[in-house]
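See below for final39.csv, which holds CSV, C-alpha atoms.
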chain,number,residue,atom,x,y,z
A,122,MET,CA,-11.2,1.0,9.7
A,123,PRO,CA,-12.9,3.9,7.8
A,124,VAL,CA,-13.5,7.0,9.8
A,125,GLN,CA,-17.2,7.6,10.7
A,126,LEU,CA,-18.2,11.0,9.4
A,127,SER,CA,-20.5,13.3,11.3
A,128,ILE,CA,-23.9,14.2,9.8
A,129,HIS,CA,-22.4,17.6,8.8
A,130,ASP,CA,-19.5,16.0,7.0
A,131,ARG,CA,-21.8,13.4,5.2
A,132,LEU,CA,-23.9,16.3,4.0
A,133,LEU,CA,-20.8,18.2,2.9
A,134,ARG,CA,-19.7,15.1,1.0
A,135,ARG,CA,-23.0,14.9,-0.8
A,136,VAL,CA,-22.9,18.6,-1.7
A,137,GLY,CA,-19.3,18.2,-2.9
A,138,ARG,CA,-20.2,15.3,-5.2
A,139,TRP,CA,-23.1,17.4,-6.6
A,140,VAL,CA,-20.9,20.4,-7.1
A,141,THR,CA,-18.2,18.5,-8.9
A,142,ARG,CA,-20.8,17.0,-11.3
A,143,THR,CA,-22.8,20.1,-12.2
A,144,ARG,CA,-22.2,23.3,-14.1
A,145,VAL,CA,-24.7,25.3,-12.1
A,146,LEU,CA,-22.0,27.1,-10.0
A,147,ASP,CA,-19.4,27.5,-12.7
A,148,ARG,CA,-20.2,31.1,-13.2
A,149,LEU,CA,-19.3,31.7,-9.5
A,150,ALA,CA,-16.3,29.4,-9.5
A,151,GLY,CA,-14.9,30.9,-12.7
A,152,ALA,CA,-12.7,29.2,-15.2
A,153,PRO,CA,-10.1,26.6,-13.9
A,154,PRO,CA,-6.6,28.1,-13.6
A,155,THR,CA,-3.5,27.0,-15.4
A,156,ASN,CA,-0.2,26.1,-13.9
A,157,ASP,CA,3.3,27.3,-14.8
A,158,ARG,CA,3.3,25.0,-17.8
A,159,GLY,CA,0.0,26.0,-19.2
A,160,ASP,CA,-1.8,22.8,-18.0
A,161,LEU,CA,-5.5,23.4,-17.1
A,162,LEU,CA,-6.7,22.3,-13.6
A,163,ASP,CA,-9.2,19.5,-13.8
A,164,LEU,CA,-12.7,21.0,-13.9
A,165,GLN,CA,-14.2,18.8,-11.3
A,166,LEU,CA,-11.2,19.5,-9.1
A,167,HIS,CA,-11.5,23.2,-9.6
A,168,ARG,CA,-15.2,23.0,-8.5
A,169,MET,CA,-14.2,21.0,-5.4
A,170,LEU,CA,-11.4,23.5,-4.4
A,171,TRP,CA,-13.8,26.4,-5.0
A,172,LEU,CA,-16.3,24.8,-2.6
A,173,ASP,CA,-13.6,24.1,-0.1
A,174,SER,CA,-12.6,27.7,-0.1
A,175,LYS,CA,-16.1,28.7,0.7
A,176,VAL,CA,-16.7,26.3,3.6
A,177,ALA,CA,-13.3,26.0,5.2
A,178,SER,CA,-12.5,28.0,8.2
A,179,ALA,CA,-9.4,30.2,8.4
A,180,ARG,CA,-6.4,28.1,9.5
A,181,SER,CA,-4.3,29.2,12.4
A,182,THR,CA,-0.6,29.7,11.8
A,183,ASP,CA,0.0,27.9,15.1
A,184,ARG,CA,-0.9,24.4,14.0
A,185,ASP,CA,-1.6,21.7,16.5
A,186,VAL,CA,-0.4,18.2,15.7
A,187,SER,CA,-3.4,16.5,17.3
A,188,GLU,CA,-5.8,18.8,15.4
A,189,GLU,CA,-3.9,18.2,12.1
A,190,ARG,CA,-4.2,14.4,12.6
A,191,ARG,CA,-8.0,14.7,13.3
A,192,ASN,CA,-8.3,16.9,10.2
A,193,MET,CA,-6.6,14.4,8.0
A,194,ARG,CA,-8.7,11.5,9.3
A,195,ARG,CA,-11.8,13.6,8.4
A,196,SER,CA,-10.6,15.0,5.1
A,197,SER,CA,-9.3,11.6,3.8
A,198,GLN,CA,-13.0,10.4,3.8
A,199,LEU,CA,-14.7,13.4,2.3
A,200,ALA,CA,-13.8,12.8,-1.3
A,201,THR,CA,-13.2,9.1,-1.4
A,202,GLY,CA,-15.5,6.7,-3.2
A,203,PRO,CA,-17.8,4.1,-1.7
A,204,MET,CA,-16.5,1.2,0.3
A,205,VAL,CA,-14.8,-1.3,-2.0
A,206,LYS,CA,-16.4,-4.7,-2.0
A,207,GLY,CA,-14.6,-8.1,-2.1
A,208,VAL,CA,-11.7,-7.0,0.1
A,209,ALA,CA,-11.2,-8.5,3.6
A,210,ALA,CA,-9.2,-6.4,6.0
A,211,THR,CA,-7.8,-7.5,9.4
A,212,ASP,CA,-5.8,-5.5,12.0
A,213,GLU,CA,-2.8,-7.1,13.6
A,214,VAL,CA,0.2,-6.2,15.6
A,215,PHE,CA,3.5,-7.3,14.0
A,216,ARG,CA,6.6,-7.0,16.0
A,217,GLY,CA,5.2,-4.1,18.0
A,218,MET,CA,3.7,-2.3,15.0
A,219,ASN,CA,0.1,-2.0,14.1
A,220,VAL,CA,-0.6,-3.3,10.5
A,221,ARG,CA,-3.7,-3.8,8.4
A,222,VAL,CA,-3.7,-6.6,6.0
A,223,TYR,CA,-6.0,-6.4,2.9
A,224,ARG,CA,-6.8,-9.6,1.0
A,225,PRO,CA,-8.5,-9.8,-2.3
A,226,SER,CA,-11.4,-12.2,-3.0
A,227,VAL,CA,-9.4,-14.5,-5.3
A,228,SER,CA,-8.2,-17.8,-4.0
A,229,GLY,CA,-4.6,-18.9,-3.4
A,230,HIS,CA,-1.5,-17.1,-2.5
A,231,GLN,CA,-1.2,-13.7,-4.2
A,232,PRO,CA,1.6,-11.2,-4.8
A,233,TRP,CA,1.8,-8.4,-2.3
A,234,VAL,CA,2.6,-4.8,-1.4
A,235,VAL,CA,4.0,-3.3,1.8
A,236,TYR,CA,2.3,0.1,1.9
A,237,LEU,CA,3.6,3.2,3.7
A,238,HIS,CA,1.0,6.0,4.1
A,239,GLY,CA,1.5,9.7,3.4
A,240,GLY,CA,1.0,12.6,5.7
A,241,GLY,CA,4.3,14.4,5.9
A,242,TRP,CA,5.8,12.0,8.5
A,243,VAL,CA,3.5,13.7,11.1
A,244,VAL,CA,-0.1,12.8,10.3
A,245,GLY,CA,-1.8,9.9,8.6
A,246,ASP,CA,-2.4,6.4,9.8
A,247,LEU,CA,-4.1,3.1,8.8
A,248,ASP,CA,-7.5,4.7,8.8
A,249,THR,CA,-6.6,7.7,6.6
A,250,HIS,CA,-5.3,5.4,3.9
A,251,ASP,CA,-7.9,2.6,4.3
A,252,SER,CA,-9.7,3.5,1.1
A,253,VAL,CA,-6.5,3.8,-1.0
A,254,CYS,CA,-5.3,0.4,0.2
A,255,ARG,CA,-8.7,-1.2,-0.5
A,256,ARG,CA,-8.7,0.1,-4.0
A,257,LEU,CA,-5.2,-1.1,-4.7
A,258,CYS,CA,-6.1,-4.5,-3.3
A,259,ALA,CA,-9.2,-4.8,-5.4
A,260,GLU,CA,-7.7,-3.3,-8.6
A,261,SER,CA,-4.6,-5.5,-8.6
A,262,ASN,CA,-5.5,-8.7,-6.7
A,263,HIS,CA,-2.5,-8.1,-4.5
A,264,VAL,CA,-2.4,-8.5,-0.7
A,265,ILE,CA,-1.7,-5.1,0.8
A,266,VAL,CA,0.0,-4.8,4.1
A,267,SER,CA,-0.3,-1.3,5.4
A,268,LEU,CA,2.1,-0.2,8.2
A,269,ASP,CA,1.5,2.2,11.0
A,270,TYR,CA,5.1,3.4,11.3
A,271,PRO,CA,6.2,5.9,14.0
A,272,LEU,CA,5.4,9.5,13.4
A,273,ALA,CA,7.1,12.8,14.3
A,274,PRO,CA,7.3,15.0,16.3
A,275,GLU,CA,7.0,12.3,19.1
A,276,ARG,CA,9.5,10.2,17.1
A,277,PRO,CA,11.3,12.5,14.7
A,278,PHE,CA,13.8,11.5,12.0
A,279,PRO,CA,15.3,8.9,11.8
A,280,HIS,CA,12.9,6.8,13.9
A,281,ALA,CA,10.6,5.9,11.1
A,282,ILE,CA,13.2,4.9,8.6
A,283,ASP,CA,15.3,3.0,11.2
A,284,THR,CA,12.2,1.1,12.4
A,285,LEU,CA,11.3,0.2,8.8
A,286,LEU,CA,14.8,-1.0,8.0
A,287,ASP,CA,14.8,-3.3,11.1
A,288,LEU,CA,11.3,-4.6,10.3
A,289,TRP,CA,11.8,-5.3,6.6
A,290,PRO,CA,13.5,-8.7,6.8
A,291,HIS,CA,10.9,-10.0,9.2
A,292,LEU,CA,8.1,-8.8,6.9
A,293,VAL,CA,9.6,-10.6,4.0
A,294,GLU,CA,9.9,-13.8,6.0
A,295,HIS,CA,6.3,-13.5,7.4
A,296,GLY,CA,4.6,-12.8,4.2
A,297,GLU,CA,3.5,-16.3,3.3
A,298,GLN,CA,1.4,-16.4,6.5
A,299,TRP,CA,-0.6,-13.5,5.2
A,300,GLY,CA,-1.5,-15.5,2.0
A,301,THR,CA,1.2,-14.0,-0.1
A,302,GLN,CA,3.8,-15.3,-2.5
A,303,GLY,CA,7.3,-14.0,-3.3
A,304,VAL,CA,8.9,-10.7,-2.2
A,305,PRO,CA,6.7,-7.7,-1.8
A,306,VAL,CA,6.5,-4.5,-3.8
A,307,LEU,CA,7.3,-1.5,-1.5
A,308,GLY,CA,5.3,1.7,-2.0
A,309,GLY,CA,3.5,4.6,-0.6
A,310,ASP,CA,2.3,8.1,-1.3
A,311,SER,CA,4.0,11.4,-0.5
A,312,ALA,CA,6.0,10.9,2.7
A,313,GLY,CA,5.4,7.2,2.3
A,314,GLY,CA,6.9,7.4,-1.1
A,315,ASN,CA,9.9,9.2,0.4
A,316,LEU,CA,10.3,6.4,3.0
A,317,SER,CA,9.9,3.7,0.4
A,318,LEU,CA,12.7,5.0,-1.8
A,319,ALA,CA,15.0,5.7,1.2
A,320,LEU,CA,14.4,2.2,2.5
A,321,ALA,CA,15.2,0.6,-0.8
A,322,LEU,CA,18.5,2.4,-1.0
A,323,LEU,CA,19.4,1.3,2.5
A,324,LEU,CA,18.4,-2.3,1.7
A,325,ARG,CA,20.7,-2.1,-1.3
A,326,GLU,CA,23.6,-0.8,0.7
A,327,ALA,CA,23.1,-3.4,3.4
A,328,GLY,CA,22.8,-6.3,0.9
A,329,LEU,CA,19.4,-7.2,2.2
A,330,THR,CA,16.5,-8.6,0.2
A,331,MET,CA,15.3,-5.9,-2.2
A,332,PRO,CA,11.6,-5.3,-2.9
A,333,ASP,CA,10.2,-6.7,-6.0
A,334,GLY,CA,9.2,-3.2,-7.2
A,335,LEU,CA,8.8,0.4,-6.0
A,336,MET,CA,5.5,2.2,-6.2
A,337,LEU,CA,6.2,5.9,-5.5
A,338,ILE,CA,3.0,8.0,-5.6
A,339,TYR,CA,3.8,11.8,-5.8
A,340,PRO,CA,6.8,11.2,-3.6
A,341,GLY,CA,8.8,13.9,-1.7
A,342,VAL,CA,12.5,13.1,-2.4
A,343,ASP,CA,14.3,16.4,-1.8
A,344,MET,CA,14.3,18.0,1.6
A,345,ARG,CA,15.9,21.1,0.2
A,346,CYS,CA,12.7,21.9,-1.8
A,347,ARG,CA,14.9,23.5,-4.4
A,348,MET,CA,12.8,22.8,-7.5
A,349,ALA,CA,10.7,25.5,-9.3
A,350,SER,CA,7.4,23.9,-8.6
A,351,HIS,CA,7.8,24.6,-4.9
A,352,CYS,CA,7.6,28.3,-5.7
A,353,THR,CA,5.1,28.3,-8.6
A,354,LEU,CA,2.6,25.9,-6.9
A,355,SER,CA,3.0,26.9,-3.3
A,356,LYS,CA,-0.6,28.1,-2.8
A,357,GLY,CA,-4.1,27.0,-3.6
A,358,TYR,CA,-3.6,23.3,-4.5
A,359,ILE,CA,-4.2,21.3,-1.3
A,360,LEU,CA,-0.5,20.9,-0.4
A,361,THR,CA,1.0,24.4,0.3
A,362,GLY,CA,4.4,25.7,0.9
A,363,ASP,CA,3.4,26.5,4.5
A,364,SER,CA,2.2,23.0,5.0
A,365,ILE,CA,5.5,21.5,3.7
A,366,ASP,CA,7.5,23.8,6.0
A,367,TRP,CA,5.4,22.6,9.0
A,368,TYR,CA,5.9,19.0,8.1
A,369,LEU,CA,9.7,19.4,7.6
A,370,ASN,CA,10.1,21.3,10.9
A,371,ASN,CA,8.3,18.5,12.8
A,372,TYR,CA,10.2,15.7,11.0
A,373,ASN,CA,13.5,17.5,11.8
A,374,ALA,CA,15.7,15.7,9.3
A,375,PRO,CA,19.0,17.0,7.9
A,376,VAL,CA,18.3,18.1,4.4
A,377,ASP,CA,21.4,16.4,2.9
A,378,ASP,CA,20.9,13.0,4.6
A,379,VAL,CA,20.1,10.4,2.0
A,380,ARG,CA,17.7,8.7,4.4
A,381,ALA,CA,15.6,11.9,4.3
A,382,SER,CA,16.5,13.2,0.8
A,383,PRO,CA,17.0,10.0,-1.3
A,384,ILE,CA,17.6,12.1,-4.4
A,385,GLU,CA,21.0,12.9,-2.7
A,386,ALA,CA,22.1,9.3,-3.3
A,387,ALA,CA,25.3,9.2,-5.3
A,388,SER,CA,23.8,6.3,-7.3
A,389,LEU,CA,20.3,5.0,-7.9
A,390,GLN,CA,21.6,1.9,-9.7
A,391,GLY,CA,20.3,-1.4,-8.4
A,392,LEU,CA,16.8,-0.4,-7.6
A,393,PRO,CA,13.9,-2.7,-8.6
A,394,PRO,CA,11.4,-1.7,-11.4
A,395,THR,CA,9.9,1.6,-10.3
A,396,LEU,CA,6.7,3.5,-10.8
A,397,VAL,CA,6.7,7.2,-10.1
A,398,THR,CA,3.6,9.3,-10.3
A,399,THR,CA,3.4,13.1,-10.4
A,400,ALA,CA,0.7,15.7,-10.6
A,401,GLY,CA,0.7,18.9,-12.6
A,402,PHE,CA,-0.5,21.1,-9.7
A,403,ASP,CA,1.7,19.5,-7.0
A,404,PRO,CA,4.6,21.4,-5.4
A,405,LEU,CA,6.5,18.1,-5.4
A,406,ARG,CA,6.0,17.6,-9.1
A,407,ASP,CA,9.5,18.7,-10.3
A,408,GLU,CA,11.4,16.6,-7.7
A,409,GLY,CA,9.4,13.6,-8.8
A,410,GLU,CA,10.3,14.3,-12.4
A,411,TRP,CA,13.9,14.8,-11.4
A,412,LEU,CA,13.9,11.3,-9.9
A,413,VAL,CA,12.5,9.9,-13.1
A,414,GLN,CA,15.2,11.6,-15.2
A,415,ARG,CA,18.0,10.4,-13.0
A,416,LEU,CA,16.7,6.8,-13.2
A,417,ARG,CA,16.5,7.0,-16.9
A,418,ASP,CA,19.8,8.8,-17.5
A,419,GLU,CA,22.0,7.1,-14.9
A,420,THR,CA,20.7,3.6,-14.4
A,421,ASP,CA,19.2,0.6,-16.2
A,422,VAL,CA,16.3,0.5,-13.7
A,423,ALA,CA,12.9,-0.1,-15.5
A,424,VAL,CA,11.0,3.0,-14.7
A,425,VAL,CA,7.4,4.0,-15.5
A,426,HIS,CA,6.3,7.6,-15.1
A,427,GLN,CA,2.6,8.3,-14.8
A,428,HIS,CA,2.0,12.1,-14.9
A,429,TYR,CA,-1.4,13.6,-14.4
A,430,PRO,CA,-1.1,17.3,-15.6
A,431,SER,CA,-4.6,18.3,-14.3
A,432,LEU,CA,-4.4,16.9,-10.8
A,433,VAL,CA,-3.1,17.9,-7.4
A,434,HIS,CA,-1.1,16.3,-4.6
A,435,GLY,CA,-3.3,13.9,-2.7
A,436,TYR,CA,-5.5,12.8,-5.6
A,437,ALA,CA,-5.5,9.2,-4.3
A,438,HIS,CA,-8.1,10.3,-1.7
A,439,MET,CA,-10.4,12.0,-4.3
A,440,ASP,CA,-11.7,9.0,-6.3
A,441,GLY,CA,-15.3,9.7,-5.1
A,442,MET,CA,-15.5,13.2,-6.6
A,443,ILE,CA,-12.9,13.5,-9.3
A,444,ALA,CA,-13.1,11.1,-12.3
A,445,ALA,CA,-9.5,11.7,-13.3
A,446,ALA,CA,-8.4,10.7,-9.8
A,447,ASP,CA,-10.5,7.6,-10.0
A,448,HIS,CA,-8.7,6.7,-13.3
A,449,ALA,CA,-5.3,7.4,-11.7
A,450,ILE,CA,-5.9,4.9,-8.9
A,451,SER,CA,-6.9,2.3,-11.5
A,452,ASP,CA,-3.6,3.0,-13.3
A,453,LEU,CA,-1.8,2.1,-10.1
A,454,GLY,CA,-3.6,-1.2,-9.8
A,455,ARG,CA,-2.9,-1.9,-13.5
A,456,TRP,CA,0.8,-1.3,-13.0
A,457,LEU,CA,0.8,-3.7,-10.1
A,458,SER,CA,-1.1,-6.3,-12.1
A,459,GLU,CA,1.0,-6.0,-15.3
A,460,ARG,CA,4.5,-5.3,-14.0
A,461,LYS,CA,5.6,-8.9,-14.4
A,462,ARG,CA,4.9,-8.6,-18.1
A,463,ARG,CA,7.0,-5.6,-18.8
Take the structure in the file and write it out as structure tokens.
Amino acid sequence: MPVQLSIHDRLLRRVGRWVTRTRVLDRLAGAPPTNDRGDLLDLQLHRMLWLDSKVASARSTDRDVSEERRNMRRSSQLATGPMVKGVAATDEVFRGMNVRVYRPSVSGHQPWVVYLHGGGWVVGDLDTHDSVCRRLCAESNHVIVSLDYPLAPERPFPHAIDTLLDLWPHLVEHGEQWGTQGVPVLGGDSAGGNLSLALALLLREAGLTMPDGLMLIYPGVDMRCRMASHCTLSKGYILTGDSIDWYLNNYNAPVDDVRASPIEAASLQGLPPTLVTTAGFDPLRDEGEWLVQRLRDETDVAVVHQHYPSLVHGYAHMDGMIAAADHAISDLGRWLSERKRR
């Protein structure tokens, strides 16, 4: 369940919310920067990043996995909104994996989503993405089943994707017992988006039940990190080039393996309706756009691209401070609610 913040962090969150809503410190923070395309960073986000730069301690180059996990549990709560009402959440163990099931307040069986959290395949868990899943559940009236899949470096590539491939048929069969109907949408953010796309391609190749849709939130799809945004946006916008290198080194996946770099797939045909979101100040921006272009040029897959030019990687955790991030999460819920009508 949601991480309990210390008194210091609760105070910091209050200060952060005040800073993002006032112009008092704009002279100190300066004007928001632009990216390589001339997009302007969201003003509230600029204020938040300025505050973070003033209060954050210097980060060691020798990063400890346990410390990074604690940091993500903490940071995932600092900028999120208040607890979403009308959502019931229960923790279960399903075939040896911890899962959290979120149910909306509406009656009857509902469509559903299997959600894979982000965190570079190394950090992140059910708690770090609790707020995101609650918002998606409330905004879309879908049941959300969040999976606590195995993490590197204890269980490096391909443990996570192999575990998910083995688990998927059982999830589909079990869904009705969670109050769901039909086949689930499969989705996640960042590394979770990577795993979602890779899993869908493996399901296609194995002739297994495909998800009813794919929801890929600022996904990483190219382990080679060859796109321009990896260079132009490598510093200053939450996800840095150094962070990406650290995640990849811990995950230890071959860069040309389609299970790790799904953009390497010879064909993307046969995927279900797909949503891809990208952010203008995200190092993963260009590879997400490359995925969208391939889907549009090479397949008949129904693809929706939601691009937020003023936001950064990780905006799904910022709905309590950044109005544009709050709207972006509502867009996700709207896509889930309306996808059957497209």
Exercise. Please, what distance in Å, to one decimal, runs between CA of Leu354 in chain A and CA of Ile282 in chain A?
Worked result: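 Separation between CA of Leu354 in chain A and CA of Ile282 in chain A: 28.2 Å.
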Selection: 6 Å around Thr399 in chain A, only C-alpha atoms, excl. self and same-chain fewer than 2 positions, as a PDB file with C-alpha atoms, in the frame of the given file:
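Result saved to out_22.pdb:
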ATOM      1  CA  TYR A 339       3.800  11.800  -5.800  1.00  0.00           C
ATOM      2  CA  ARG A 406       6.000  17.600  -9.100  1.00  0.00           C
ATOM      3  CA  HIS A 428       2.000  12.100 -14.900  1.00  0.00           C
TER       4      HIS A 428
END
Problem set entry | Among the residues A:Pro383, A:Thr211, A:Asp248, A:Cys346, the one that comes closest to Asp366 in chain A [using all atoms listed in the file] |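 Using all atoms listed in the file, Asp366 in chain A sits closest to A:Cys346.
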For this session: Considering all atoms listed in the file, state which residue in the set A:Trp411, A:Trp233, A:Tyr368, A:Trp171 is at the smallest distance from Leu457 in chain A.
Result: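 Closest residue, counting all atoms listed in the file: A:Trp233.
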Wanna dump the range 348-409 of chain A-range 327-336 of chain A contacts at 6 Å for me, each residue with its shortest atom pair and the distance in Å to one decimal, counting all atoms listed in the file, ordered by chain and number, as a Markdown table?
| residue | atom | partner | partner_atom | distance |
| --- | --- | --- | --- | --- |
| A:Pro393 | CA | A:Gly334 | CA | 4.9 |
| A:Pro394 | CA | A:Gly334 | CA | 5.0 |
| A:Thr395 | CA | A:Leu335 | CA | 4.6 |
| A:Leu396 | CA | A:Met336 | CA | 4.9 |
Incomplete range 240-271 of chain A brought to N, CA and C atoms, written out as a PDB file, keeping the file's coordinate frame:
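As a result, rebuild.pdb now contains:
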ATOM      1  N   GLY A 240       1.394  11.722   4.628  1.00  0.00           N
ATOM      2  CA  GLY A 240       1.000  12.600   5.700  1.00  0.00           C
ATOM      3  C   GLY A 240       2.164  13.372   6.314  1.00  0.00           C
ATOM      4  N   GLY A 241       3.222  13.555   5.521  1.00  0.00           N
ATOM      5  CA  GLY A 241       4.300  14.400   5.900  1.00  0.00           C
ATOM      6  C   GLY A 241       5.093  13.916   7.132  1.00  0.00           C
ATOM      7  N   TRP A 242       5.107  12.591   7.358  1.00  0.00           N
ATOM      8  CA  TRP A 242       5.800  12.000   8.500  1.00  0.00           C
ATOM      9  C   TRP A 242       5.216  12.378   9.847  1.00  0.00           C
ATOM     10  N   VAL A 243       4.103  13.129   9.829  1.00  0.00           N
ATOM     11  CA  VAL A 243       3.500  13.700  11.100  1.00  0.00           C
ATOM     12  C   VAL A 243       2.080  13.234  11.246  1.00  0.00           C
ATOM     13  N   VAL A 244       1.293  13.250  10.194  1.00  0.00           N
ATOM     14  CA  VAL A 244      -0.100  12.800  10.300  1.00  0.00           C
ATOM     15  C   VAL A 244      -0.284  11.616   9.361  1.00  0.00           C
ATOM     16  N   GLY A 245      -1.487  11.077   9.341  1.00  0.00           N
ATOM     17  CA  GLY A 245      -1.800   9.900   8.600  1.00  0.00           C
ATOM     18  C   GLY A 245      -1.634   8.633   9.415  1.00  0.00           C
ATOM     19  N   ASP A 246      -2.440   7.636   9.080  1.00  0.00           N
ATOM     20  CA  ASP A 246      -2.400   6.400   9.800  1.00  0.00           C
ATOM     21  C   ASP A 246      -3.125   5.309   8.976  1.00  0.00           C
ATOM     22  N   LEU A 247      -3.403   4.174   9.571  1.00  0.00           N
ATOM     23  CA  LEU A 247      -4.100   3.100   8.800  1.00  0.00           C
ATOM     24  C   LEU A 247      -5.440   3.492   8.353  1.00  0.00           C
ATOM     25  N   ASP A 248      -6.142   4.310   9.132  1.00  0.00           N
ATOM     26  CA  ASP A 248      -7.500   4.700   8.800  1.00  0.00           C
ATOM     27  C   ASP A 248      -7.516   5.728   7.632  1.00  0.00           C
ATOM     28  N   THR A 249      -6.598   6.686   7.649  1.00  0.00           N
ATOM     29  CA  THR A 249      -6.600   7.700   6.600  1.00  0.00           C
ATOM     30  C   THR A 249      -6.372   7.151   5.227  1.00  0.00           C
ATOM     31  N   HIS A 250      -5.670   6.024   5.164  1.00  0.00           N
ATOM     32  CA  HIS A 250      -5.300   5.400   3.900  1.00  0.00           C
ATOM     33  C   HIS A 250      -6.050   4.101   3.639  1.00  0.00           C
ATOM     34  N   ASP A 251      -7.104   3.861   4.416  1.00  0.00           N
ATOM     35  CA  ASP A 251      -7.900   2.600   4.300  1.00  0.00           C
ATOM     36  C   ASP A 251      -8.474   2.498   2.882  1.00  0.00           C
ATOM     37  N   SER A 252      -9.090   3.562   2.416  1.00  0.00           N
ATOM     38  CA  SER A 252      -9.700   3.500   1.100  1.00  0.00           C
ATOM     39  C   SER A 252      -8.739   3.295  -0.015  1.00  0.00           C
ATOM     40  N   VAL A 253      -7.586   3.952   0.066  1.00  0.00           N
ATOM     41  CA  VAL A 253      -6.500   3.800  -1.000  1.00  0.00           C
ATOM     42  C   VAL A 253      -6.093   2.333  -1.017  1.00  0.00           C
ATOM     43  N   CYS A 254      -5.832   1.745   0.148  1.00  0.00           N
ATOM     44  CA  CYS A 254      -5.300   0.400   0.200  1.00  0.00           C
ATOM     45  C   CYS A 254      -6.403  -0.616  -0.310  1.00  0.00           C
ATOM     46  N   ARG A 255      -7.656  -0.360   0.030  1.00  0.00           N
ATOM     47  CA  ARG A 255      -8.700  -1.200  -0.500  1.00  0.00           C
ATOM     48  C   ARG A 255      -8.802  -1.175  -1.993  1.00  0.00           C
ATOM     49  N   ARG A 256      -8.696   0.015  -2.542  1.00  0.00           N
ATOM     50  CA  ARG A 256      -8.700   0.100  -4.000  1.00  0.00           C
ATOM     51  C   ARG A 256      -7.573  -0.590  -4.648  1.00  0.00           C
ATOM     52  N   LEU A 257      -6.376  -0.427  -4.099  1.00  0.00           N
ATOM     53  CA  LEU A 257      -5.200  -1.100  -4.700  1.00  0.00           C
ATOM     54  C   LEU A 257      -5.360  -2.614  -4.595  1.00  0.00           C
ATOM     55  N   CYS A 258      -5.875  -3.094  -3.485  1.00  0.00           N
ATOM     56  CA  CYS A 258      -6.100  -4.500  -3.300  1.00  0.00           C
ATOM     57  C   CYS A 258      -7.069  -5.052  -4.370  1.00  0.00           C
ATOM     58  N   ALA A 259      -8.190  -4.366  -4.509  1.00  0.00           N
ATOM     59  CA  ALA A 259      -9.200  -4.800  -5.400  1.00  0.00           C
ATOM     60  C   ALA A 259      -8.795  -4.674  -6.891  1.00  0.00           C
ATOM     61  N   GLU A 260      -8.097  -3.587  -7.214  1.00  0.00           N
ATOM     62  CA  GLU A 260      -7.700  -3.300  -8.600  1.00  0.00           C
ATOM     63  C   GLU A 260      -6.607  -4.244  -9.094  1.00  0.00           C
ATOM     64  N   SER A 261      -5.756  -4.713  -8.163  1.00  0.00           N
ATOM     65  CA  SER A 261      -4.600  -5.500  -8.600  1.00  0.00           C
ATOM     66  C   SER A 261      -4.571  -6.922  -8.185  1.00  0.00           C
ATOM     67  N   ASN A 262      -5.520  -7.322  -7.304  1.00  0.00           N
ATOM     68  CA  ASN A 262      -5.500  -8.700  -6.700  1.00  0.00           C
ATOM     69  C   ASN A 262      -4.192  -8.958  -6.001  1.00  0.00           C
ATOM     70  N   HIS A 263      -3.642  -7.926  -5.367  1.00  0.00           N
ATOM     71  CA  HIS A 263      -2.500  -8.100  -4.500  1.00  0.00           C
ATOM     72  C   HIS A 263      -2.950  -7.988  -3.036  1.00  0.00           C
ATOM     73  N   VAL A 264      -2.277  -8.722  -2.168  1.00  0.00           N
ATOM     74  CA  VAL A 264      -2.400  -8.500  -0.700  1.00  0.00           C
ATOM     75  C   VAL A 264      -1.703  -7.193  -0.403  1.00  0.00           C
ATOM     76  N   ILE A 265      -2.343  -6.327   0.353  1.00  0.00           N
ATOM     77  CA  ILE A 265      -1.700  -5.100   0.800  1.00  0.00           C
ATOM     78  C   ILE A 265      -1.518  -5.108   2.270  1.00  0.00           C
ATOM     79  N   VAL A 266      -0.285  -4.890   2.701  1.00  0.00           N
ATOM     80  CA  VAL A 266       0.000  -4.800   4.100  1.00  0.00           C
ATOM     81  C   VAL A 266       0.412  -3.382   4.442  1.00  0.00           C
ATOM     82  N   SER A 267      -0.490  -2.680   5.109  1.00  0.00           N
ATOM     83  CA  SER A 267      -0.300  -1.300   5.400  1.00  0.00           C
ATOM     84  C   SER A 267       0.307  -1.136   6.820  1.00  0.00           C
ATOM     85  N   LEU A 268       1.370  -0.337   6.937  1.00  0.00           N
ATOM     86  CA  LEU A 268       2.100  -0.200   8.200  1.00  0.00           C
ATOM     87  C   LEU A 268       1.858   1.108   8.871  1.00  0.00           C
ATOM     88  N   ASP A 269       1.665   1.055  10.171  1.00  0.00           N
ATOM     89  CA  ASP A 269       1.500   2.200  11.000  1.00  0.00           C
ATOM     90  C   ASP A 269       2.796   2.628  11.631  1.00  0.00           C
ATOM     91  N   TYR A 270       3.704   3.120  10.808  1.00  0.00           N
ATOM     92  CA  TYR A 270       5.100   3.400  11.300  1.00  0.00           C
ATOM     93  C   TYR A 270       5.100   4.618  12.212  1.00  0.00           C
ATOM     94  N   PRO A 271       6.164   4.784  13.010  1.00  0.00           N
ATOM     95  CA  PRO A 271       6.200   5.900  14.000  1.00  0.00           C
ATOM     96  C   PRO A 271       6.257   7.244  13.350  1.00  0.00           C
TER      97      PRO A 271
END
